[in-house]
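The next block is my_file.cif, given as mmCIF, C-alpha atoms.
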```cif
data_query
loop_
_atom_site.group_PDB
_atom_site.id
_atom_site.type_symbol
_atom_site.label_atom_id
_atom_site.label_comp_id
_atom_site.auth_asym_id
_atom_site.auth_seq_id
_atom_site.Cartn_x
_atom_site.Cartn_y
_atom_site.Cartn_z
ATOM 1 C CA MET U 234 -35.373 -1.592 3.638
ATOM 2 C CA LYS U 235 -32.657 -4.125 2.696
ATOM 3 C CA LYS U 236 -32.352 -2.410 -0.685
ATOM 4 C CA PHE U 237 -30.991 0.692 1.057
ATOM 5 C CA ILE U 238 -28.880 -0.951 3.772
ATOM 6 C CA ILE U 239 -26.726 -3.143 1.518
ATOM 7 C CA PRO U 240 -25.615 -0.346 -0.888
ATOM 8 C CA LEU U 241 -25.013 1.930 2.100
ATOM 9 C CA PHE U 242 -22.876 -0.762 3.775
ATOM 10 C CA VAL U 243 -20.834 -1.295 0.583
ATOM 11 C CA LEU U 244 -20.297 2.448 0.124
ATOM 12 C CA PHE U 245 -19.265 2.874 3.777
ATOM 13 C CA ASN U 246 -16.876 -0.089 3.545
ATOM 14 C CA ILE U 247 -15.191 1.277 0.400
ATOM 15 C CA ALA U 248 -14.920 4.797 1.845
ATOM 16 C CA CYS U 249 -13.199 3.553 5.021
ATOM 17 C CA HIS U 250 -10.442 1.603 3.274
ATOM 18 C CA SER U 251 -7.102 3.296 2.782
ATOM 19 C CA PRO U 252 -5.966 3.769 -0.822
ATOM 20 C CA ALA U 253 -2.570 2.455 0.275
ATOM 21 C CA VAL U 254 -1.143 -0.479 -1.666
ATOM 22 C CA PHE U 255 1.216 -1.087 1.263
ATOM 23 C CA GLU U 256 1.269 0.133 4.862
ATOM 24 C CA LYS U 257 3.289 -1.400 7.671
ATOM 25 C CA TYR U 258 5.106 -0.529 10.890
ATOM 26 C CA GLU U 259 8.213 -2.194 12.275
ATOM 27 C CA LYS U 260 8.688 -2.277 16.053
ATOM 28 C CA LEU U 261 12.135 -1.277 17.307
ATOM 29 C CA PRO U 262 13.639 -3.302 20.136
ATOM 30 C CA GLU U 263 13.875 -1.375 23.415
ATOM 31 C CA GLU U 264 12.547 1.803 21.729
ATOM 32 C CA ASN U 265 15.996 2.500 20.320
ATOM 33 C CA TRP U 266 16.926 3.111 16.689
ATOM 34 C CA ASN U 267 20.612 2.494 16.136
ATOM 35 C CA ARG U 268 22.250 4.169 13.151
ATOM 36 C CA TYR U 269 23.392 0.746 11.868
ATOM 37 C CA ASN U 270 19.951 -0.861 12.234
ATOM 38 C CA ALA U 271 18.254 -0.304 8.880
ATOM 39 C CA ILE U 272 14.530 -1.064 8.651
ATOM 40 C CA GLU U 273 13.467 -2.942 5.518
ATOM 41 C CA PHE U 274 10.010 -3.447 4.079
ATOM 42 C CA ASN U 275 9.390 -5.885 1.230
ATOM 43 C CA THR U 276 6.285 -5.271 -0.828
ATOM 44 C CA HIS U 277 4.705 -6.227 -4.115
ATOM 45 C CA ILE U 278 3.711 -3.232 -6.256
ATOM 46 C CA PRO U 279 0.658 -4.278 -8.319
ATOM 47 C CA ASP U 280 1.145 -1.855 -11.235
ATOM 48 C CA SER U 281 4.049 0.264 -12.398
ATOM 49 C CA GLY U 282 3.346 3.964 -12.129
ATOM 50 C CA LEU U 283 3.479 6.966 -9.847
ATOM 51 C CA TYR U 284 3.169 6.545 -6.093
ATOM 52 C CA ASN U 285 3.346 8.728 -2.994
ATOM 53 C CA VAL U 286 5.607 7.401 -0.245
ATOM 54 C CA THR U 287 5.085 8.505 3.361
ATOM 55 C CA LEU U 288 7.282 7.670 6.341
ATOM 56 C CA SER U 289 5.720 7.307 9.790
ATOM 57 C CA ILE U 290 7.444 7.506 13.151
ATOM 58 C CA ARG U 291 5.924 6.569 16.500
ATOM 59 C CA HIS U 292 7.909 7.925 19.416
ATOM 60 C CA THR U 293 7.576 8.449 23.137
ATOM 61 C CA THR U 294 7.689 11.866 24.749
ATOM 62 C CA ASP U 295 11.136 10.856 26.030
ATOM 63 C CA PHE U 296 12.548 11.478 22.548
ATOM 64 C CA GLU U 297 15.162 14.203 22.959
ATOM 65 C CA MET U 298 15.378 15.730 19.483
ATOM 66 C CA ALA U 299 13.215 18.219 17.568
ATOM 67 C CA ASN U 300 13.664 16.382 14.287
ATOM 68 C CA LEU U 301 14.793 13.070 12.826
ATOM 69 C CA TRP U 302 16.730 12.723 9.576
ATOM 70 C CA CYS U 303 16.081 9.510 7.628
ATOM 71 C CA PHE U 304 17.500 8.002 4.461
ATOM 72 C CA ILE U 305 15.149 5.996 2.242
ATOM 73 C CA SER U 306 16.128 3.845 -0.726
ATOM 74 C CA THR U 307 14.677 1.051 -2.837
ATOM 75 C CA ARG U 308 15.917 -2.138 -4.441
ATOM 76 C CA SER U 309 13.995 -3.644 -7.334
ATOM 77 C CA HIS U 310 14.455 -4.922 -10.881
ATOM 78 C CA ALA U 311 14.082 -1.353 -12.223
ATOM 79 C CA ALA U 312 17.113 0.421 -13.658
ATOM 80 C CA GLN U 313 16.541 3.506 -11.537
ATOM 81 C CA GLN U 314 16.220 3.213 -7.761
ATOM 82 C CA LEU U 315 14.775 5.670 -5.263
ATOM 83 C CA LYS U 316 17.147 7.499 -2.904
ATOM 84 C CA ASP U 317 15.965 10.363 -0.733
ATOM 85 C CA THR U 318 16.712 12.127 2.530
ATOM 86 C CA VAL U 319 13.773 13.100 4.731
ATOM 87 C CA ASN U 320 13.808 15.538 7.652
ATOM 88 C CA ILE U 321 10.923 14.588 9.930
ATOM 89 C CA LYS U 322 9.967 17.464 12.203
ATOM 90 C CA ILE U 323 9.102 16.041 15.634
ATOM 91 C CA ALA U 324 8.658 19.165 17.795
ATOM 92 C CA GLU U 325 8.284 22.927 17.503
ATOM 93 C CA PRO U 326 11.255 25.134 18.539
ATOM 94 C CA ASP U 327 9.446 25.901 21.821
ATOM 95 C CA GLY U 328 9.272 22.158 22.631
ATOM 96 C CA ARG U 329 5.620 21.482 21.742
ATOM 97 C CA TRP U 330 5.221 18.017 20.231
ATOM 98 C CA LEU U 331 3.852 17.655 16.717
ATOM 99 C CA GLY U 332 1.784 14.727 15.514
ATOM 100 C CA LYS U 333 -1.101 12.760 16.929
ATOM 101 C CA GLY U 334 -1.399 11.003 20.261
ATOM 102 C CA GLY U 335 -0.690 11.449 23.955
ATOM 103 C CA SER U 336 2.402 9.850 25.510
ATOM 104 C CA ILE U 337 3.116 8.129 22.182
ATOM 105 C CA LYS U 338 3.125 10.463 19.189
ATOM 106 C CA THR U 339 2.721 9.535 15.530
ATOM 107 C CA ILE U 340 4.329 11.735 12.875
ATOM 108 C CA GLU U 341 3.887 11.225 9.129
ATOM 109 C CA GLN U 342 6.162 12.834 6.557
ATOM 110 C CA SER U 343 6.022 12.512 2.777
ATOM 111 C CA ILE U 344 9.351 12.071 1.066
ATOM 112 C CA ARG U 345 10.708 15.006 -0.971
ATOM 113 C CA ARG U 346 10.778 13.165 -4.297
ATOM 114 C CA ASN U 347 7.026 12.399 -4.357
ATOM 115 C CA PRO U 348 5.542 11.277 -6.594
ATOM 116 C CA VAL U 349 7.980 8.470 -7.370
ATOM 117 C CA SER U 350 7.906 6.002 -10.215
ATOM 118 C CA LEU U 351 7.816 2.416 -8.964
ATOM 119 C CA PRO U 352 7.991 -0.720 -11.092
ATOM 120 C CA ARG U 353 5.490 -3.537 -10.973
ATOM 121 C CA GLY U 354 6.731 -6.416 -8.848
ATOM 122 C CA ASN U 355 8.776 -6.812 -5.700
ATOM 123 C CA VAL U 356 10.323 -3.674 -4.221
ATOM 124 C CA ARG U 357 12.391 -3.485 -1.041
ATOM 125 C CA PHE U 358 12.271 -0.190 0.862
ATOM 126 C CA ARG U 359 15.187 0.502 3.217
ATOM 127 C CA ILE U 360 14.972 3.221 5.891
ATOM 128 C CA GLU U 361 17.942 4.321 7.983
ATOM 129 C CA GLN U 362 18.178 6.986 10.653
ATOM 130 C CA GLY U 363 20.608 9.671 9.561
ATOM 131 C CA MET U 364 21.370 11.472 12.806
ATOM 132 C CA ARG U 365 24.851 12.077 14.192
ATOM 133 C CA ILE U 366 23.833 10.346 17.410
ATOM 134 C CA GLU U 367 24.299 6.604 17.082
ATOM 135 C CA ASP U 368 21.308 5.576 19.222
ATOM 136 C CA MET U 369 18.010 7.426 18.976
ATOM 137 C CA LYS U 370 16.141 6.519 22.157
ATOM 138 C CA GLY U 371 12.360 6.892 22.306
ATOM 139 C CA ILE U 372 11.592 5.673 18.760
ATOM 140 C CA LYS U 373 9.001 2.883 19.077
ATOM 141 C CA ASN U 374 8.075 2.174 15.459
ATOM 142 C CA VAL U 375 9.080 3.095 11.940
ATOM 143 C CA GLY U 376 6.484 2.735 9.222
ATOM 144 C CA ILE U 377 5.863 3.327 5.562
ATOM 145 C CA ARG U 378 2.754 3.909 3.468
ATOM 146 C CA ILE U 379 2.725 3.635 -0.329
ATOM 147 C CA GLU U 380 -0.262 5.039 -2.210
ATOM 148 C CA LYS U 381 -0.948 4.796 -5.941
ATOM 149 C CA ILE U 382 -1.664 8.098 -7.651
ATOM 150 C CA THR U 383 -4.874 7.785 -9.618
ATOM 151 C CA ASP U 384 -5.994 10.085 -12.371
#
```
Once more with this new file: its structure as C-alpha coordinates, please.
Amino acid sequence: MKKFIIPLFVLFNIACHSPAVFEKYEKLPEENWNRYNAIEFNTHIPDSGLYNVTLSIRHTTDFEMANLWCFISTRSHAAQQLKDTVNIKIAEPDGRWLGKGGSIKTIEQSIRRNPVSLPRGNVRFRIEQGMRIEDMKGIKNVGIRIEKITD
(Lines of atoms letter the chains of each structure in order from A and count residues from 1; the text may use other names and numbers.)
(Lines give C-alpha, C1' and ligand atoms only; values in the text may rest on other atoms or scores of the structure.)
Protein backbone atom coordinates (compact mmCIF):
# COMPACT_ATOMS: atom_id res chain seq x y z
CA MET A 1 0.00 0.00 0.00
CA LYS A 2 2.89 2.38 0.82
CA LYS A 3 4.20 1.86 -2.71
CA PHE A 4 1.12 3.63 -4.08
CA ILE A 5 0.68 6.33 -1.43
CA ILE A 6 4.17 7.85 -1.64
CA PRO A 7 4.22 8.35 -5.46
CA LEU A 8 0.66 9.68 -5.28
CA PHE A 9 1.67 12.15 -2.54
CA VAL A 10 4.70 13.34 -4.57
CA LEU A 11 2.60 13.77 -7.72
CA PHE A 12 -0.10 15.67 -5.81
CA ASN A 13 2.51 17.91 -4.16
CA ILE A 14 4.15 18.78 -7.50
CA ALA A 15 0.79 19.42 -9.20
CA CYS A 16 -0.32 21.86 -6.48
CA HIS A 17 2.76 24.09 -6.62
CA SER A 18 2.59 27.22 -8.74
CA PRO A 19 5.06 27.43 -11.63
CA ALA A 20 5.80 30.99 -10.49
CA VAL A 21 9.43 31.87 -9.82
CA PHE A 22 8.19 34.87 -7.84
CA GLU A 23 4.80 35.82 -6.39
CA LYS A 24 4.21 38.46 -3.74
CA TYR A 25 1.66 41.02 -2.57
CA GLU A 26 2.37 44.36 -0.94
CA LYS A 27 -0.18 45.76 1.52
CA LEU A 28 -1.11 49.41 1.04
CA PRO A 29 -1.49 51.55 4.15
CA GLU A 30 -5.09 52.61 4.83
CA GLU A 31 -6.27 50.92 1.60
CA ASN A 32 -5.09 53.92 -0.40
CA TRP A 33 -2.73 53.93 -3.38
CA ASN A 34 -1.23 57.36 -3.88
CA ARG A 35 0.08 58.23 -7.33
CA TYR A 36 3.51 58.99 -5.83
CA ASN A 37 3.69 55.74 -3.85
CA ALA A 38 5.40 53.27 -6.18
CA ILE A 39 5.38 49.60 -5.17
CA GLU A 40 8.68 47.78 -5.66
CA PHE A 41 9.41 44.08 -5.67
CA ASN A 42 12.97 42.76 -5.63
CA THR A 43 13.45 39.24 -6.93
CA HIS A 44 16.15 36.89 -8.12
CA ILE A 45 15.47 35.42 -11.58
CA PRO A 46 17.08 31.95 -11.66
CA ASP A 47 17.62 31.72 -15.44
CA SER A 48 17.57 34.26 -18.23
CA GLY A 49 14.75 33.67 -20.68
CA LEU A 50 11.12 34.38 -21.42
CA TYR A 51 8.66 35.00 -18.60
CA ASN A 52 5.01 35.96 -18.21
CA VAL A 53 4.36 38.82 -15.80
CA THR A 54 0.94 39.21 -14.17
CA LEU A 55 -0.21 42.07 -11.96
CA SER A 56 -2.72 41.40 -9.18
CA ILE A 57 -4.94 43.90 -7.41
CA ARG A 58 -6.98 43.25 -4.28
CA HIS A 59 -9.61 45.90 -3.69
CA THR A 60 -12.69 46.50 -1.59
CA THR A 61 -16.12 47.03 -3.07
CA ASP A 62 -15.71 50.68 -2.04
CA PHE A 63 -13.38 51.19 -5.01
CA GLU A 64 -15.02 53.85 -7.18
CA MET A 65 -13.53 53.21 -10.62
CA ALA A 66 -14.24 50.66 -13.36
CA ASN A 67 -10.57 50.27 -14.22
CA LEU A 68 -7.09 50.98 -12.91
CA TRP A 69 -4.17 52.05 -15.10
CA CYS A 70 -0.73 50.92 -13.90
CA PHE A 71 2.81 51.51 -15.08
CA ILE A 72 5.31 48.67 -14.68
CA SER A 73 9.07 48.87 -15.19
CA THR A 74 12.19 46.92 -14.27
CA ARG A 75 15.72 47.71 -13.17
CA SER A 76 18.44 45.12 -13.64
CA HIS A 77 21.92 44.68 -15.09
CA ALA A 78 20.40 44.01 -18.55
CA ALA A 79 20.80 46.61 -21.28
CA GLN A 80 17.10 46.60 -22.08
CA GLN A 81 14.54 47.22 -19.34
CA LEU A 82 10.83 46.45 -19.29
CA LYS A 83 8.35 49.34 -19.48
CA ASP A 84 4.65 48.75 -19.98
CA THR A 85 1.27 50.29 -19.27
CA VAL A 86 -1.51 48.00 -18.07
CA ASN A 87 -5.24 48.77 -17.96
CA ILE A 88 -6.76 46.53 -15.31
CA LYS A 89 -10.50 46.18 -15.79
CA ILE A 90 -12.16 46.18 -12.35
CA ALA A 91 -15.89 46.30 -13.17
CA GLU A 92 -18.29 45.90 -16.08
CA PRO A 93 -19.96 49.04 -17.51
CA ASP A 94 -23.16 48.11 -15.64
CA GLY A 95 -21.25 48.11 -12.32
CA ARG A 96 -20.84 44.35 -11.81
CA TRP A 97 -17.50 43.57 -10.17
CA LEU A 98 -15.00 41.37 -11.99
CA GLY A 99 -12.55 39.05 -10.28
CA LYS A 100 -12.78 36.59 -7.43
CA GLY A 101 -14.03 37.11 -3.91
CA GLY A 102 -16.84 38.71 -1.93
CA SER A 103 -16.29 42.08 -0.23
CA ILE A 104 -12.62 41.94 -1.25
CA LYS A 105 -12.05 41.23 -4.94
CA THR A 106 -8.89 39.93 -6.58
CA ILE A 107 -8.17 40.84 -10.21
CA GLU A 108 -5.24 39.49 -12.21
CA GLN A 109 -4.06 41.07 -15.45
CA SER A 110 -1.17 40.00 -17.66
CA ILE A 111 0.98 42.80 -19.00
CA ARG A 112 0.70 43.63 -22.72
CA ARG A 113 4.34 42.87 -23.55
CA ASN A 114 4.19 39.21 -22.41
CA PRO A 115 6.27 37.21 -22.81
CA VAL A 116 9.18 39.36 -21.64
CA SER A 117 12.86 38.57 -21.67
CA LEU A 118 14.37 38.77 -18.18
CA PRO A 119 18.03 38.39 -17.29
CA ARG A 120 19.38 35.98 -14.73
CA GLY A 121 20.03 37.69 -11.41
CA ASN A 122 18.43 40.44 -9.39
CA VAL A 123 15.55 42.33 -10.99
CA ARG A 124 13.54 45.12 -9.38
CA PHE A 125 9.93 45.49 -10.55
CA ARG A 126 8.33 48.91 -9.99
CA ILE A 127 4.54 49.38 -10.21
CA GLU A 128 2.86 52.78 -10.13
CA GLN A 129 -0.80 53.68 -10.39
CA GLY A 130 -1.38 55.79 -13.48
CA MET A 131 -4.77 57.34 -12.81
CA ARG A 132 -5.51 61.06 -12.91
CA ILE A 133 -6.84 60.85 -9.36
CA GLU A 134 -3.99 61.20 -6.89
CA ASP A 135 -5.39 58.82 -4.24
CA MET A 136 -7.07 55.58 -5.24
CA LYS A 137 -9.09 54.54 -2.19
CA GLY A 138 -10.15 50.92 -1.75
CA ILE A 139 -6.94 49.29 -3.05
CA LYS A 140 -5.77 46.84 -0.36
CA ASN A 141 -2.87 45.05 -2.06
CA VAL A 142 -0.79 45.16 -5.21
CA GLY A 143 0.91 41.97 -6.30
CA ILE A 144 3.01 40.47 -9.03
CA ARG A 145 3.53 36.94 -10.33
CA ILE A 146 6.42 35.98 -12.61
CA GLU A 147 6.26 32.63 -14.40
CA LYS A 148 8.96 31.04 -16.55
CA ILE A 149 7.83 29.95 -19.99
CA THR A 150 8.84 26.35 -20.53
CA ASP A 151 9.05 24.60 -23.85
### Task
Could you tell me which residues the PyMOL selection byres ((chain U and resi 354) around 10) returns for this structure, as an MDAnalysis selection string?
chainID U and resid 276:281 309:311 351:353 355:356
Set out as CSV a contact list for range 272-336 of chain U and range 364-373 of chain U with a cut-off of 6 Å, giving each residue of range 272-336 of chain U that qualifies its closest atom pair and distance in Å to one decimal, counting all atoms listed in the file, ordered by chain and rising residue number.
```
residue,atom,partner,partner_atom,distance
U:Arg291,CA,U:Lys373,CA,5.4
U:His292,CA,U:Ile372,CA,4.4
U:Thr293,CA,U:Gly371,CA,5.1
U:Asp295,CA,U:Gly371,CA,5.6
U:Phe296,CA,U:Gly371,CA,4.6
U:Trp302,CA,U:Met364,CA,5.8
```
### Query
In terms of the shortest atom-to-atom distance over only C-alpha atoms, which of U:Asn265, U:Thr318, U:Ser343, U:Asn270 is closest to Ile379 in chain U?
U:Ser343
### Residue nearest Glu341 in chain U among U:Arg329, U:Gly282, U:Pro262, U:Val375 (counting all atoms listed in the file)
U:Val375
I want to know what sits within 9 Å of Arg308 in chain U, based on all atoms listed in the file, with residues of the same chain fewer than 4 positions away left out; could you give that as a short mmCIF file (atom, residue, chain, number, x, y, z; two decimals) with C-alpha atoms, in the frame of the given file?
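Written output follows (part20.cif):
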```cif
data_model
loop_
_atom_site.label_atom_id
_atom_site.label_comp_id
_atom_site.auth_asym_id
_atom_site.auth_seq_id
_atom_site.Cartn_x
_atom_site.Cartn_y
_atom_site.Cartn_z
CA GLN U 314 16.22 3.21 -7.76
CA LEU U 315 14.78 5.67 -5.26
CA ASN U 355 8.78 -6.81 -5.70
CA VAL U 356 10.32 -3.67 -4.22
CA ARG U 357 12.39 -3.48 -1.04
CA PHE U 358 12.27 -0.19 0.86
CA ARG U 359 15.19 0.50 3.22
#
```
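Neighbouring residues of Val349 in chain U at 12 Å or closer, counting all atoms listed in the file and skipping chain neighbours under 4 positions away, are Ser281, Gly282, Leu283, Tyr284, Asn285, Val286, Thr287, Ser306, Thr307, Gln313, Gln314, Leu315, Lys316, Asp317, Ser343, Ile344, Arg345, Ile379, Glu380, Lys381 and Ile382 of chain U.
Across U:Asp384, U:Phe304, U:Ser289, U:Gln362, the tightest approach to Ile340 in chain U is made by U:Ser289 when counting all atoms listed in the file.
In this structure, CA of Leu331 in chain U sits 29.4 Å away from CA of Thr383 in chain U.
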Edge lengths and centre in Å to one decimal, as JSON, is what I'm after for the box along x, y and z that holds all listed atoms of range 329-336 of chain U once 8 Å is added on each side.
```
{"center_x": 2.1, "center_y": 15.7, "center_z": 20.5, "size_x": 23.0, "size_y": 27.6, "size_z": 26.0}
```
